[in-house]
Amino acid sequence: MVNTSGMTSSSSQGVGSLESLPPDPGLLARALESTTVPYAMCDARDLTIVWANAAFERTMGYDAAGARERQRVPVDGRARRHGEMARLREGIDRGEPTTVELAIPRADDSLFSCRVHFSPVAPQVEGGPVERWIVAFEDRTERITHDERLVALIEEERHERRNVSVIVQVSDLLMDVTDRATPLHEIATVLQRSVVDWAAFYVNDGGLRPVDASSDVRPPSGRGSRHGETRRPDGGDVAHAPSDEVQQLLDGDRDRPVRLDLDGTYPRASASHWLVERIALDAAHLDRHHDESDDRVARTAFVVPVPGRRRVIGVLVVLPRAGQRGRLQDSAATVLDLVSRRVGLVLDNARLYDREHRLAETLQRAMLPQQAEVDGLDVWTYYAPNSENAQVGGDWYDVMQIEPDVVGVVIGDVVGHDVEAAAAMGQLRSVVRSYAYDVTLPGPVLERVDQLVAGMRIPRAAGLVLSTLHRMGDEWRLRWSRAGHLPVLHVRGGEVAQLLGAGGPLVGFGAGERQTAEIGLLPGDVLIYHTDGLVERRDRDVREGLAVLAQVVAGVTARDSAGIGEELLSRLADHPEDDVAVVVVRVPDPGDVAQRGRSPRRRRWSLPSEAASVGRARHAVVRTCHAWEMPDASNAELVVSELVANAVLHGYGHVSLQLYDTGDGLRIEVEDGNPAPPVTTDGHPGRVGGFGMQIVERLADWGWRQSTRGKVVWAKVRPGALPPR
């Protein structure tokens with residue numbers, strides 16, 4: 001309200017009204033000129049700037065006339081705000097105040113980011129059209145810069161979190177890595193999801209190869225040799241190509257990633273040429289999903305070394321993210337470097353462990369004798385390291401045909417699971433074996449062993465049982481002596497007894513005469529020699545384990561030594577905590593119709609892991625069945641065909657085939673290097689494989705066990721023709 005004194009009713013509060021000012025239009029114009037906020041006035045018809053204040057000119061670098069000239073020029077693409085301009089037009093058409101976000105080019109071509117407030121100027125005639133709009137420009141540069149910095153920080157933090165997540169996932173996957181590099185595909189997938197468009201590992205095993213390929217290996221790519229070779233059309237060799245950057249990476253002369261132009265030309269004898277060809281095959285799906293004119297198509301690859309301790313054991317090849325135009329971000333490069341180094345270290349450790357394990361295993365097997373073919377006895381032997389720490393150990397056995405009517409059986413255990421224990425075991429076994437051929441009575445043999453071991457100063461304590469079986473006409477007599485070892489079990493008619501006599505201290509600690517005990521054996525009697533790994537567990541002591549062993553032995557239903565041994569292993573040695581050595585000796589029973597006229601027989605073959613071995617195994621079984629006069633060789637042929645085929649397809653390393661004449665049938669054992677058990681299908685229509693084991697189930701009793709090399713799958717073929725469906 002306006003009073004007669006010209007002051008508003010709020011004057012007492014210090015607030016004035018334009019109506020209280022003298023009617024001086026120049027005062028308002030000077031006020032707008034004096035403000036530091038850019039103002040302009042636009043024509044309502046086309047928004048042409050008809051007036052601008054000094055602050056506008058200082059901010060933009062041009063006055064109202066310059067602004068009109070610029071409005072005639074097409075808007076710079078950097079300053080286009082189609083959505084904002086459409087919203088402005090809608091507000092102006094309605095005659096309502098409107099605020100939009102714009103970027104206006106200055107005179108120096110920089111952009112002035114601002115919030116623009118459009119307000120209509122009241123017409124001179126009430127109810128008339130709006131002819132002018134007053135425009136205020138609010139500077140947003142500082143705010144936008146702050147927002148951009150905040151966004152950049154958030155994005156940087158997000159990248160760091162993503163990178164840490166990638167490293168964590170890779171570390172988890174590397175826990176399962178082996179020399180076969182199984183998890184490397186999954187690691188490459190993790191990188192593809194978060195860091196690069198495509199990634200793949202190539203192993204440098206005497207030449208680059210994909211991690212899942214056993215072939216396609218080129219000539220050695222180490223120092224002094226080239227990755228591949230070319231040939232002239234007439235078949236002659238072309239000189240090796242000079243070393244390229246990828247070759248230098250493989251030779252260890254470079255330690256930084258190599259940029260590889262996928263459209264470049266490289267000598268055919270170079271590692272770069274092989275990689276370019278391989279990438280074209282492995283990453284072909286990228287070209288199918290992208291148009292050739294699309295700048296997202298990655299035509300540049302980066303080759304990152306995967307270093308081991310002494311050499312480059314492989315490379316990680318990646319294609320950058322789409323839109324990066326053949327460049328790797330610093331964060332991506334850091335992640336790739338960390339991943340490749342971790343993969344190299346873990347893979348090198350796995351290979352080193354595998355080499356040491358194979359060396360130890362080879363040493364152990366070389367020291368363990370091949371079971372001798374003894375006359376008149378059914379003998380089965382077994383050895384395996386513990387399942388938790390499969391190393392070379394000190395357990396051993398020996399079966400010797402000392403004389404035509406004398407058979408020696410030894411089982412022993414040297415303390416420890418290392419090479420020193422194995423060396424001590426080898427020395428001790430040689431000494432015992434030598435003296436056993438010279439003196440057949442066990443007690444005197446161990447006395448001489450005590451004397452020699454004391455002089456040799458073998459660093460490990462050892463226990464053993466030495467026994468000899470003497471054939472006297474149609475009977476056998478057992479003599480034995482124990483040196484700090486568990487007793488032999490004697491089984492007769494289902495009754496189990498421990499042969500506790502002739503005990504003494506550990507080998508090398510005997511100070512006097514060693515005793516020799518003896519017992520007569522009847523047809524059908526069984527002797528079970530074993531080390532403490534068969535009975536000892538963390539949750540029970542040896543005495544309790546021996547009681548459990550006696551119960552298991554009393555319940556065995558098998559009639560041959562191999563069957564008895566398998567039942568013991570299936571019940572007691574599925575996950576041994578220590579080395580296990582077992583020898584089962586059975587005296588044949590002439591009164592057993594199934595055993596009559598047969599002496600225990602065995603044959604062994606070592607086969608390469610290739611398809612041709614299936615045919616060789618089938619032929620071997622047929623010939624053996626005919627030689628042993630076993631009927632229905634076709635059943636055994638089918639069984640061995642399936643077992644060997646599974647070993648070739650799903651195992652690795654050489655395949656071992658053993659055939660046993662158990663007296664009441666044929667026992668087949670197939671060993672390969674894969675510890676995973678065989679499986680059968682469950683009848684689901686989507687399952688693939690496993691049908692061969694269904695054939696085996698129809699024709700034989702079968703099972704499996706772990707071995708030092710991997711696993712043994714055994715089958716005892718049932719007599720008779722093929723069973724009906």
# chains A, B, ... in the order shown; residues from 1 in each chain; ligands from 1

call {"tool": "residues_around", "arguments": {"residues": "Val379 of chain A", "least_positions_apart": "3", "cutoff": "8 Å", "atoms": "only C-alpha atoms", "output": "PDB file with C-alpha atoms, in the first residue's frame"}}
result
ATOM      1  CA  VAL A 374      56.266-116.339  -7.491  1.00  0.00           C
ATOM      2  CA  SER A 561      44.585-111.849  -3.000  1.00  0.00           C
ATOM      3  CA  ALA A 562      43.736-108.937  -5.322  1.00  0.00           C
ATOM      4  CA  VAL A 583      51.123-107.101   0.571  1.00  0.00           C
ATOM      5  CA  VAL A 584      48.524-109.901   0.515  1.00  0.00           C
ATOM      6  CA  VAL A 585      49.723-113.502   0.169  1.00  0.00           C
ATOM      7  CA  ARG A 586      47.235-116.361  -0.210  1.00  0.00           C
ATOM      8  CA  PRO A 600      48.012-117.227  -9.981  1.00  0.00           C
TER       9      PRO A 600
END

call {"tool": "select_by_dssp", "arguments": {"residues": "segment 79-203 of chain A", "states": "strand (DSSP E or B)", "output": "PDB file with C-alpha atoms, in the first residue's frame"}}
result
ATOM      1  CA  THR A  98      11.759 -19.960 -17.636  1.00  0.00           C
ATOM      2  CA  THR A  99      15.229 -21.052 -16.525  1.00  0.00           C
ATOM      3  CA  VAL A 100      17.504 -23.181 -18.698  1.00  0.00           C
ATOM      4  CA  GLU A 101      21.120 -24.412 -18.632  1.00  0.00           C
ATOM      5  CA  LEU A 102      23.139 -23.176 -21.637  1.00  0.00           C
ATOM      6  CA  ALA A 103      26.715 -22.983 -22.833  1.00  0.00           C
ATOM      7  CA  ILE A 104      27.218 -19.724 -24.775  1.00  0.00           C
ATOM      8  CA  PRO A 105      30.333 -19.174 -26.929  1.00  0.00           C
ATOM      9  CA  LEU A 111      32.180 -21.610 -23.602  1.00  0.00           C
ATOM     10  CA  PHE A 112      30.412 -19.667 -20.865  1.00  0.00           C
ATOM     11  CA  SER A 113      28.447 -22.241 -18.867  1.00  0.00           C
ATOM     12  CA  CYS A 114      25.534 -20.494 -17.232  1.00  0.00           C
ATOM     13  CA  ARG A 115      22.027 -20.774 -15.916  1.00  0.00           C
ATOM     14  CA  VAL A 116      19.858 -18.354 -17.961  1.00  0.00           C
ATOM     15  CA  HIS A 117      16.721 -16.855 -16.416  1.00  0.00           C
ATOM     16  CA  PHE A 118      14.143 -15.548 -18.921  1.00  0.00           C
ATOM     17  CA  SER A 119      11.409 -13.267 -17.549  1.00  0.00           C
ATOM     18  CA  PRO A 120       8.740 -11.466 -19.608  1.00  0.00           C
ATOM     19  CA  ARG A 132      10.478  -8.006 -24.603  1.00  0.00           C
ATOM     20  CA  TRP A 133      12.140 -10.528 -22.301  1.00  0.00           C
ATOM     21  CA  ILE A 134      14.722  -9.618 -19.722  1.00  0.00           C
ATOM     22  CA  VAL A 135      17.499 -12.224 -19.433  1.00  0.00           C
ATOM     23  CA  ALA A 136      19.845 -12.750 -16.475  1.00  0.00           C
ATOM     24  CA  PHE A 137      22.972 -14.902 -16.862  1.00  0.00           C
ATOM     25  CA  GLU A 138      24.077 -16.790 -13.743  1.00  0.00           C
ATOM     26  CA  ASP A 139      27.682 -17.994 -14.007  1.00  0.00           C
ATOM     27  CA  TRP A 198      38.869 -59.431 -25.087  1.00  0.00           C
ATOM     28  CA  ALA A 199      41.670 -61.319 -23.345  1.00  0.00           C
ATOM     29  CA  ALA A 200      43.439 -64.653 -23.773  1.00  0.00           C
ATOM     30  CA  PHE A 201      46.470 -66.399 -22.321  1.00  0.00           C
ATOM     31  CA  TYR A 202      49.041 -68.202 -24.448  1.00  0.00           C
ATOM     32  CA  VAL A 203      51.519 -70.552 -22.796  1.00  0.00           C
TER      33      VAL A 203
END

call {"tool": "select_by_dssp", "arguments": {"residues": "segment 454-681 of chain A", "states": "alpha helix (DSSP H)", "output": "VMD selection string"}}
result
chain A and resid 454 to 456 542 to 554 561 to 572 612 to 627 633 to 650

call {"tool": "closest_residue", "arguments": {"among": "A:Leu452, A:Leu534, A:Val195, A:Val258", "to": "Ala332 of chain A", "atoms": "only C-alpha atoms"}}
result
A:Val195

call {"tool": "residues_around", "arguments": {"residues": "Asp525 of chain A", "least_positions_apart": "3", "cutoff": "9 Å", "atoms": "only C-alpha atoms", "output": "list of chain:residue names"}}
result
A:His490, A:Val491, A:Arg492, A:Gly493, A:Leu521, A:Leu522, A:Val585, A:Arg586, A:Val587, A:Pro588, A:Asp589

call {"tool": "residues_around", "arguments": {"residues": "Glu629 of chain A", "least_positions_apart": "4", "cutoff": "12 Å", "atoms": "only C-alpha atoms", "output": "list of chain:residue names"}}
result
A:Gly597, A:Arg598, A:Val621, A:Val622, A:Arg623, A:Thr624, A:Cys625, A:Ala633, A:Asp661, A:Gly663, A:Gly665, A:Leu666

call {"tool": "write_last_selection", "arguments": {"atoms": "C-alpha atoms", "output": "compact mmCIF listing (two decimals), in the first residue's frame"}}
result
# COMPACT_ATOMS: atom_id res chain seq x y z
CA GLY A 597 44.59 -126.52 -11.85
CA ARG A 598 45.37 -122.84 -11.89
CA VAL A 621 43.05 -109.29 -23.47
CA VAL A 622 41.83 -111.67 -26.16
CA ARG A 623 45.26 -113.28 -26.50
CA THR A 624 45.62 -113.59 -22.72
CA CYS A 625 42.19 -115.18 -22.28
CA ALA A 633 36.79 -113.46 -23.90
CA ASP A 661 43.92 -114.66 -13.17
CA GLY A 663 41.09 -118.46 -10.23
CA GLY A 665 37.61 -115.02 -13.24
CA LEU A 666 39.68 -112.28 -14.87

call {"tool": "residues_around", "arguments": {"residues": "Gly520 of chain A", "least_positions_apart": "4", "cutoff": "8 Å", "atoms": "only C-alpha atoms", "output": "VMD selection string"}}
result
chain A and resid 475 to 478

call {"tool": "write_last_selection", "arguments": {"atoms": "C-alpha atoms", "output": "PDB file, in the first residue's frame"}}
result
ATOM      1  CA  GLU A 475      52.575-127.488   2.400  1.00  0.00           C
ATOM      2  CA  TRP A 476      54.037-124.060   3.135  1.00  0.00           C
ATOM      3  CA  ARG A 477      55.809-122.910   6.287  1.00  0.00           C
ATOM      4  CA  LEU A 478      56.185-119.251   7.299  1.00  0.00           C
TER       5      LEU A 478
END

call {"tool": "closest_residue", "arguments": {"among": "A:Phe509, A:Tyr382, A:Trp396, A:Trp605", "to": "Gln451 of chain A", "atoms": "only C-alpha atoms"}}
result
A:Phe509

call {"tool": "atom_distance", "arguments": {"atom1": "atom CA of Val526 of chain A", "atom2": "atom CA of Thr381 of chain A"}}
result
13.4 Å

call {"tool": "residues_around", "arguments": {"residues": "Arg254 of chain A", "least_positions_apart": "2", "cutoff": "12 Å", "atoms": "only C-alpha atoms", "output": "list of chain:residue names"}}
result
A:Ser243, A:Asp244, A:Glu245, A:Val246, A:Gln247, A:Gln248, A:Leu249, A:Leu250, A:Asp251, A:Gly252, A:Arg256, A:Pro257, A:Val258, A:Val303, A:Val304, A:Pro305, A:Val306, A:Pro307, A:Arg311, A:Val312

call {"tool": "residues_around", "arguments": {"residues": "Ser110 of chain A", "least_positions_apart": "6", "cutoff": "12 Å", "atoms": "only C-alpha atoms", "output": "mmCIF file with C-alpha atoms, in the first residue's frame"}}
result
data_model
loop_
_atom_site.group_PDB
_atom_site.id
_atom_site.type_symbol
_atom_site.label_atom_id
_atom_site.label_comp_id
_atom_site.auth_asym_id
_atom_site.auth_seq_id
_atom_site.Cartn_x
_atom_site.Cartn_y
_atom_site.Cartn_z
ATOM 1 C CA THR A 59 31.740 -11.638 -19.710
ATOM 2 C CA MET A 60 31.116 -12.462 -23.385
ATOM 3 C CA GLY A 61 33.641 -10.212 -25.061
ATOM 4 C CA ASP A 76 28.618 -24.432 -32.328
ATOM 5 C CA ARG A 78 29.828 -27.865 -28.411
ATOM 6 C CA ALA A 79 27.137 -25.403 -27.313
ATOM 7 C CA ALA A 103 26.715 -22.983 -22.833
ATOM 8 C CA ILE A 104 27.218 -19.724 -24.775
ATOM 9 C CA THR A 141 31.506 -22.317 -14.432
#

call {"tool": "closest_residue", "arguments": {"among": "A:Phe302, A:Trp480, A:Trp704, A:Tyr383", "to": "Thr440 of chain A", "atoms": "only C-alpha atoms"}}
result
A:Trp480

call {"tool": "closest_residue", "arguments": {"among": "A:Gly91, A:Gly512, A:Gly207, A:Gly565", "to": "Leu527 of chain A", "atoms": "only C-alpha atoms"}}
result
A:Gly565

call {"tool": "closest_residue", "arguments": {"among": "A:Asp664, A:Ser656, A:Glu186, A:Ser331", "to": "Pro631 of chain A", "atoms": "only C-alpha atoms"}}
result
A:Asp664

call {"tool": "atom_distance", "arguments": {"atom1": "atom CA of Ile49 of chain A", "atom2": "atom CA of Tyr62 of chain A"}}
result
11.8 Å
